[in-house]
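K.L.:
Got a structure for you, work-v4.cif, holding mmCIF, C-alpha atoms (C1' of nucleotides).
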data_run
loop_
_atom_site.label_atom_id
_atom_site.label_comp_id
_atom_site.auth_asym_id
_atom_site.auth_seq_id
_atom_site.Cartn_x
_atom_site.Cartn_y
_atom_site.Cartn_z
CA MET Y 13 100.53 106.61 125.53
CA PHE Y 14 99.48 103.02 126.13
CA LYS Y 15 101.51 102.16 123.10
CA ALA Y 16 104.50 103.88 124.63
CA LEU Y 17 104.21 101.55 127.61
CA ALA Y 18 103.69 98.51 125.42
CA ASP Y 19 107.34 97.93 124.57
CA PRO Y 20 109.61 96.21 127.12
CA THR Y 21 112.63 98.27 126.13
CA ARG Y 22 110.73 101.47 126.78
CA ARG Y 23 109.54 100.20 130.14
CA PHE Y 24 113.13 99.35 130.97
CA LEU Y 25 114.23 102.86 130.02
CA LEU Y 26 111.57 104.24 132.32
CA ASP Y 27 112.89 101.97 135.05
CA LEU Y 28 116.39 103.31 134.52
CA LEU Y 29 115.08 106.85 134.81
CA PHE Y 30 113.11 105.81 137.83
CA GLU Y 31 116.34 104.72 139.49
CA ARG Y 32 118.06 107.95 138.66
CA GLU Y 33 116.81 110.79 136.52
CA GLY Y 34 118.73 113.23 134.40
CA ARG Y 35 120.51 110.57 132.38
CA THR Y 36 121.90 111.27 128.95
CA LEU Y 37 121.17 109.34 125.80
CA SER Y 38 124.62 107.76 125.76
CA GLU Y 39 124.29 106.68 129.34
CA LEU Y 40 120.96 105.01 128.68
CA GLU Y 41 122.33 103.43 125.54
CA SER Y 42 125.12 101.79 127.53
CA GLN Y 43 122.53 99.98 129.67
CA VAL Y 44 120.68 98.46 126.76
CA ASP Y 45 121.85 96.00 124.13
CA MET Y 46 120.88 98.21 121.24
CA THR Y 47 122.25 100.95 119.03
CA ARG Y 48 122.07 104.55 120.07
CA ILE Y 49 119.59 105.24 117.30
CA GLY Y 50 117.26 102.55 118.60
CA VAL Y 51 117.35 104.04 122.07
CA MET Y 52 116.84 107.50 120.64
CA LYS Y 53 113.73 106.41 118.83
CA HIS Y 54 112.31 104.88 121.98
CA LEU Y 55 113.08 108.01 123.95
CA ARG Y 56 111.46 110.14 121.30
CA LEU Y 57 108.33 108.04 121.59
CA LEU Y 58 108.35 108.29 125.37
CA GLU Y 59 108.78 112.03 125.08
CA ALA Y 60 105.96 112.31 122.56
CA ALA Y 61 103.75 110.34 124.93
CA GLY Y 62 104.67 112.80 127.64
CA LEU Y 63 106.17 110.12 129.83
CA VAL Y 64 109.62 111.66 129.67
CA VAL Y 65 110.69 115.28 129.57
CA THR Y 66 114.09 116.45 128.47
CA ARG Y 67 116.43 119.37 128.88
CA ARG Y 68 119.51 120.20 126.89
CA SER Y 69 122.65 120.94 128.79
CA GLY Y 70 125.50 121.77 126.47
CA ARG Y 71 125.93 118.91 124.09
CA GLU Y 72 124.06 116.54 126.35
CA LYS Y 73 120.36 115.88 126.56
CA LEU Y 74 119.09 115.00 129.98
CA HIS Y 75 116.03 112.83 130.46
CA PHE Y 76 113.55 112.99 133.29
CA LEU Y 77 110.40 111.10 134.16
CA ASN Y 78 107.15 112.93 133.85
CA PRO Y 79 104.81 111.35 136.35
CA VAL Y 80 101.72 113.24 135.25
CA PRO Y 81 100.48 110.97 132.44
CA ILE Y 82 101.02 107.89 134.55
CA ARG Y 83 98.84 109.51 137.14
CA LEU Y 84 96.26 110.08 134.40
CA ILE Y 85 96.28 106.42 133.43
CA HIS Y 86 95.82 105.61 137.03
CA ASP Y 87 92.89 107.95 137.44
CA ARG Y 88 91.06 107.44 134.16
CA TRP Y 89 91.64 103.79 133.63
CA ILE Y 90 92.92 101.70 136.41
CA ASP Y 91 90.64 103.09 139.08
CA LYS Y 92 87.63 102.54 136.87
CA TYR Y 93 88.37 98.87 136.51
CA THR Y 94 89.64 98.12 139.96
CA ALA Y 95 86.63 99.84 141.42
CA ARG Y 96 84.46 97.42 139.52
CA HIS Y 97 86.56 94.57 140.81
CA ALA Y 98 84.31 93.38 143.58
CA SER Y 99 81.05 93.84 141.73
CA ALA Y 100 82.33 92.17 138.57
CA LEU Y 101 83.29 89.09 140.47
CA ALA Y 102 79.98 89.16 142.27
CA ASN Y 103 78.09 89.47 138.99
CA LEU Y 104 79.96 86.58 137.47
CA LYS Y 105 79.31 84.50 140.53
CA THR Y 106 75.61 85.31 140.38
CA THR Y 107 75.41 84.53 136.69
CA LEU Y 108 77.08 81.21 137.17
CA GLU Y 109 74.78 80.34 140.03
CA GLU Y 110 71.71 81.23 138.01
CA GLN Y 111 72.75 78.73 135.39
CA LYS Y 112 73.05 75.83 137.77
CA MET Q 23 99.64 92.53 128.75
CA PHE Q 24 100.66 96.14 128.16
CA LYS Q 25 100.52 95.34 124.50
CA ALA Q 26 96.99 94.12 124.92
CA LEU Q 27 96.06 97.52 126.30
CA ALA Q 28 97.96 99.36 123.59
CA ASP Q 29 95.29 99.06 120.90
CA PRO Q 30 92.29 101.43 120.98
CA THR Q 31 89.92 98.81 119.62
CA ARG Q 32 90.84 96.47 122.44
CA ARG Q 33 90.37 99.20 125.01
CA PHE Q 34 86.97 99.88 123.49
CA LEU Q 35 86.07 96.20 123.75
CA LEU Q 36 87.06 96.30 127.38
CA ASP Q 37 84.86 99.36 127.80
CA LEU Q 38 81.95 97.50 126.25
CA LEU Q 39 82.48 94.62 128.66
CA PHE Q 40 82.83 97.11 131.45
CA GLU Q 41 79.35 98.42 130.63
CA ARG Q 42 77.88 94.97 130.56
CA GLU Q 43 79.64 91.66 130.80
CA GLY Q 44 78.73 88.33 129.30
CA ARG Q 45 78.51 89.61 125.75
CA THR Q 46 78.92 87.33 122.79
CA LEU Q 47 81.34 87.76 119.94
CA SER Q 48 78.59 88.75 117.52
CA GLU Q 49 77.26 91.30 119.92
CA LEU Q 50 80.66 92.90 120.33
CA GLU Q 51 81.21 92.77 116.59
CA SER Q 52 78.03 94.78 116.01
CA GLN Q 53 79.44 97.63 118.11
CA VAL Q 54 82.66 97.92 116.16
CA ASP Q 55 83.25 98.82 112.54
CA MET Q 56 85.21 95.71 111.80
CA THR Q 57 84.81 92.15 110.65
CA ARG Q 58 83.98 89.42 113.11
CA ILE Q 59 87.42 87.88 112.61
CA GLY Q 60 89.10 91.13 113.49
CA VAL Q 61 87.16 91.32 116.72
CA MET Q 62 87.86 87.66 117.38
CA LYS Q 63 91.58 88.24 117.09
CA HIS Q 64 91.43 91.15 119.50
CA LEU Q 65 89.41 89.11 121.96
CA ARG Q 66 91.86 86.25 121.67
CA LEU Q 67 94.67 88.64 122.56
CA LEU Q 68 92.75 90.06 125.49
CA GLU Q 69 92.05 86.55 126.67
CA ALA Q 70 95.70 85.53 126.28
CA ALA Q 71 96.67 88.58 128.32
CA GLY Q 72 94.23 87.44 130.97
CA LEU Q 73 92.19 90.63 130.73
CA VAL Q 74 89.11 88.76 129.55
CA VAL Q 75 87.80 85.37 130.52
CA THR Q 76 85.27 83.42 128.49
CA ARG Q 77 82.68 80.71 128.90
CA ARG Q 78 80.91 78.73 126.23
CA SER Q 79 77.17 78.51 126.46
CA GLY Q 80 75.75 76.39 123.67
CA ARG Q 81 76.87 77.90 120.43
CA GLU Q 82 77.67 81.22 122.03
CA LYS Q 83 80.86 82.34 123.72
CA LEU Q 84 80.37 84.78 126.56
CA HIS Q 85 83.05 87.29 127.48
CA PHE Q 86 83.77 88.68 130.93
CA LEU Q 87 86.29 91.12 132.32
CA ASN Q 88 89.01 89.74 134.49
CA PRO Q 89 89.99 92.51 136.85
CA VAL Q 90 92.96 90.70 138.38
CA PRO Q 91 95.70 91.65 135.88
CA ILE Q 92 94.58 95.27 135.87
CA ARG Q 93 94.98 95.21 139.59
CA LEU Q 94 98.48 93.82 139.06
CA ILE Q 95 99.39 96.67 136.74
CA HIS Q 96 98.13 99.03 139.33
CA ASP Q 97 100.16 97.45 142.09
CA ARG Q 98 103.40 96.72 140.27
CA TRP Q 99 103.64 99.69 138.00
CA ILE Q 100 101.40 102.60 138.59
CA ASP Q 101 101.89 102.79 142.31
CA LYS Q 102 105.64 102.72 141.91
CA TYR Q 103 105.61 105.76 139.67
CA THR Q 104 102.90 107.76 141.29
CA ALA Q 105 104.60 107.27 144.64
CA ARG Q 106 107.68 108.91 143.17
CA HIS Q 107 105.53 111.74 141.88
CA ALA Q 108 106.26 114.34 144.53
CA SER Q 109 109.93 113.53 144.98
CA ALA Q 110 110.61 113.44 141.25
CA LEU Q 111 109.18 116.90 140.78
CA ALA Q 112 111.11 118.11 143.79
CA ASN Q 113 114.34 116.66 142.42
CA LEU Q 114 113.84 118.30 139.08
CA LYS Q 115 113.11 121.60 140.75
CA THR Q 116 116.26 121.31 142.85
CA THR Q 117 118.35 120.40 139.85
CA LEU Q 118 117.08 123.35 137.90
CA GLU Q 119 117.72 125.71 140.77
CA GLU Q 120 121.26 124.45 141.19
CA GLN Q 121 121.98 125.36 137.62
CA LYS Q 122 120.88 128.92 137.91
"C1'" DT W 25 66.86 66.93 109.03
"C1'" DT W 26 67.77 70.94 107.14
"C1'" DG W 27 68.51 75.62 107.33
"C1'" DA W 28 70.22 79.45 109.72
"C1'" DC W 29 73.14 81.21 112.99
"C1'" DA W 30 77.40 81.48 116.23
"C1'" DG W 31 81.93 80.67 116.27
"C1'" DG W 32 86.79 78.89 114.45
"C1'" DT W 33 90.78 78.33 111.06
"C1'" DA W 34 93.89 79.34 107.20
"C1'" DA W 35 96.07 82.08 103.95
"C1'" DC W 36 96.95 86.40 102.71
"C1'" DC W 37 97.93 91.66 102.59
"C1'" DA W 38 99.15 96.60 103.89
"C1'" DA W 39 100.95 99.31 107.24
"C1'" DA W 40 103.22 100.10 111.54
"C1'" DT W 41 107.11 98.89 114.48
"C1'" DG W 42 111.73 98.02 116.04
"C1'" DG W 43 115.91 98.00 114.58
"C1'" DT W 44 120.20 99.10 111.63
"C1'" DG W 45 124.40 101.89 109.26
"C1'" DA W 46 126.00 106.11 107.08
"C1'" DC W 47 126.34 110.62 107.40
"C1'" DA W 48 125.62 115.54 109.59
"C1'" DT W 49 125.76 118.94 113.31
"C1'" DA W 50 126.96 120.98 117.63
"C1'" DT W 51 129.71 121.49 121.71
"C1'" DA W 52 133.83 120.58 124.95
"C1'" DG W 53 138.48 120.46 125.86
"C1'" DT W 54 143.34 120.94 124.62
"C1'" DA V 14 141.98 125.48 115.25
"C1'" DC V 15 141.37 120.54 115.86
"C1'" DT V 16 139.63 116.51 117.57
"C1'" DA V 17 136.74 113.73 120.25
"C1'" DT V 18 132.22 113.31 122.06
"C1'" DA V 19 126.98 113.69 122.12
"C1'" DT V 20 123.17 114.06 119.66
"C1'" DG V 21 120.29 114.31 115.28
"C1'" DT V 22 118.62 112.84 110.54
"C1'" DC V 23 118.00 109.85 106.55
"C1'" DA V 24 117.14 105.86 104.12
"C1'" DC V 25 116.64 101.26 104.54
"C1'" DC V 26 115.25 96.38 106.25
"C1'" DA V 27 112.80 92.40 108.79
"C1'" DT V 28 109.14 91.34 111.62
"C1'" DT V 29 104.88 92.09 113.84
"C1'" DT V 30 100.30 93.80 113.79
"C1'" DG V 31 95.66 94.70 112.36
"C1'" DG V 32 92.80 93.60 109.18
"C1'" DT V 33 90.57 90.99 105.23
"C1'" DT V 34 88.09 86.92 102.41
"C1'" DA V 35 87.00 82.20 101.95
"C1'" DC V 36 85.92 78.19 103.92
"C1'" DC V 37 84.88 74.78 107.98
"C1'" DT V 38 82.52 73.16 112.37
"C1'" DG V 39 79.11 73.04 115.82
"C1'" DT V 40 74.41 73.95 117.64
"C1'" DC V 41 69.66 75.59 117.80
"C1'" DA V 42 64.94 75.43 116.12
"C1'" DA V 43 61.20 74.58 112.79
#
Can I see the file as structure tokens?
P.N.:
Amino acid sequence: MFKALADPTRRFLLDLLFEREGRTLSELESQVDMTRIGVMKHLRLLEAAGLVVTRRSGREKLHFLNPVPIRLIHDRWIDKYTARHASALANLKTTLEEQK
Amino acid sequence: MFKALADPTRRFLLDLLFEREGRTLSELESQVDMTRIGVMKHLRLLEAAGLVVTRRSGREKLHFLNPVPIRLIHDRWIDKYTARHASALANLKTTLEEQK
DNA sequence: TTGACAGGTAACCAAATGGTGACATATAGT
DNA sequence: ACTATATGTCACCATTTGGTTACCTGTCAA
């Protein structure tokens, strides 16, 4: 999940889907300087991470963002650290002052 | 930055620092089933990503969380997607209904 | 001043990652 | 039916990553 977000190409693909969802593999491929297979692998990873959901429509495969796991990151991780923000800085400040 | 968060060991190190900051390398090493050098490499990455800041104190190196970049992720990335949350689901729903 | 302890560097290794081309399958349109 | 298009699978390759051992440097404390 974090690993899925770690690659710049994958983040770019998410950005493309953010702009407009329901894109096909070929369409996404055309926006990236990479082979179709490369894009497919990235999309497969994103799908496995739950960041993207897909739906077949005829011979096309449409890709959509799944906002749920991003919300989970937000809730389980980011909040935890940002909440500590103020106190962490305060602690550091105190520690530094004690050492003077 | 995202890559720094992608490794479970590094996230665990961040968790350890979240519990209590100002830990030394050896102290962190003792909490992880890994050689000191392994831990050192992870810490170097975290520091390069700006997630951890350090301060030498005699022969020890103390490690602290730096909450700023996590805040940046929150602001630049997470918010963007979570804000789309409702509308994205709505769009998908609409699309699906149109195809019925 | 001499251990012992905390940290740093270099060289190396196995496995994961990001990418490729060749080939296969399924559907759309004429 | 035939052909072009869209996606899928396989086997392969180069590079990066996560980890190691061995050795070096700096600092505390008796």
K.L.:
Over all Cα atoms in order, fit chain Q to chain Y and jot down the RMSD to one decimal place.
P.N.:
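The RMSD between chain Q and chain Y over C-alpha atoms is 0.1 Å.
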K.L.:
What residues in chain Q lie within 9 Å of chain W, counting only C-alpha atoms (C1' of nucleotides), written as number ranges by chain?
P.N.:
Q: 46-48, 81-83
K.L.:
Pull C-alpha atoms from the residues just selected and write them as a PDB file, keeping the file's coordinate frame.
P.N.:
ATOM      1  CA  THR Q  46      78.920  87.330 122.790  1.00  0.00           C
ATOM      2  CA  LEU Q  47      81.340  87.760 119.940  1.00  0.00           C
ATOM      3  CA  SER Q  48      78.590  88.750 117.520  1.00  0.00           C
ATOM      4  CA  ARG Q  81      76.870  77.900 120.430  1.00  0.00           C
ATOM      5  CA  GLU Q  82      77.670  81.220 122.030  1.00  0.00           C
ATOM      6  CA  LYS Q  83      80.860  82.340 123.720  1.00  0.00           C
TER       7      LYS Q  83
END
K.L.:
For the atom pair CA of Asp97 (chain Q) and CA of Thr94 (chain Y), what is the interatomic distance in Å to one decimal place?
P.N.:
10.8 Å
K.L.:
Give me the residues of chain Y that have any atom at most 7 Å from an atom of chain Q; for each, the nearest atom pair and the distance in Å, rounded to one decimal. Use all atoms listed in the file, sort by chain and number, and format it as a Markdown table.
P.N.:
| residue | atom | partner | partner_atom | distance |
| --- | --- | --- | --- | --- |
| Y:Phe14 | CA | Q:Ala28 | CA | 4.7 |
| Y:Lys15 | CA | Q:Ala28 | CA | 4.5 |
| Y:Leu17 | CA | Q:Phe24 | CA | 6.5 |
| Y:Ala18 | CA | Q:Lys25 | CA | 4.6 |
| Y:Pro79 | CA | Q:His107 | CA | 5.6 |
| Y:Ile82 | CA | Q:Ile100 | CA | 6.7 |
| Y:Arg83 | CA | Q:Thr104 | CA | 6.1 |
| Y:His86 | CA | Q:Ile100 | CA | 6.5 |
| Y:Ile90 | CA | Q:His96 | CA | 6.5 |
| Y:Tyr93 | CA | Q:Pro89 | CA | 6.6 |
| Y:Thr94 | CA | Q:Arg93 | CA | 6.1 |
| Y:His97 | CA | Q:Pro89 | CA | 5.6 |
K.L.:
Residues of chain Q within 10 Å of chain V, using all atoms listed in the file, as a list in words?
P.N.:
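So the contacting residues turn out to be Asp29, Met56, Thr57, Ile59, Gly60, Val61, Lys63, His64, Gly80, Arg81 and Glu82 of chain Q.
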K.L.:
Would you work out the distance separating CA of Arg35 (chain Y) from CA of Arg98 (chain Q), expressed in Å to one decimal?
P.N.:
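Distance reported for this atom pair: 23.4 Å.
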K.L.:
Would you work out the distance separating CA of Leu28 (chain Y) from CA of Gln43 (chain Y), expressed in Å to one decimal?
P.N.:
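Distance between the two atoms: 8.5 Å.
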K.L.:
Take every atom of region 17-27 of chain V listed in the file, fit an axis-aligned box around them, add 3 Å per side, and give the centre and edge lengths in Å to one decimal as JSON.
P.N.:
{"center_x": 124.8, "center_y": 103.4, "center_z": 113.1, "size_x": 29.9, "size_y": 27.9, "size_z": 24.0}
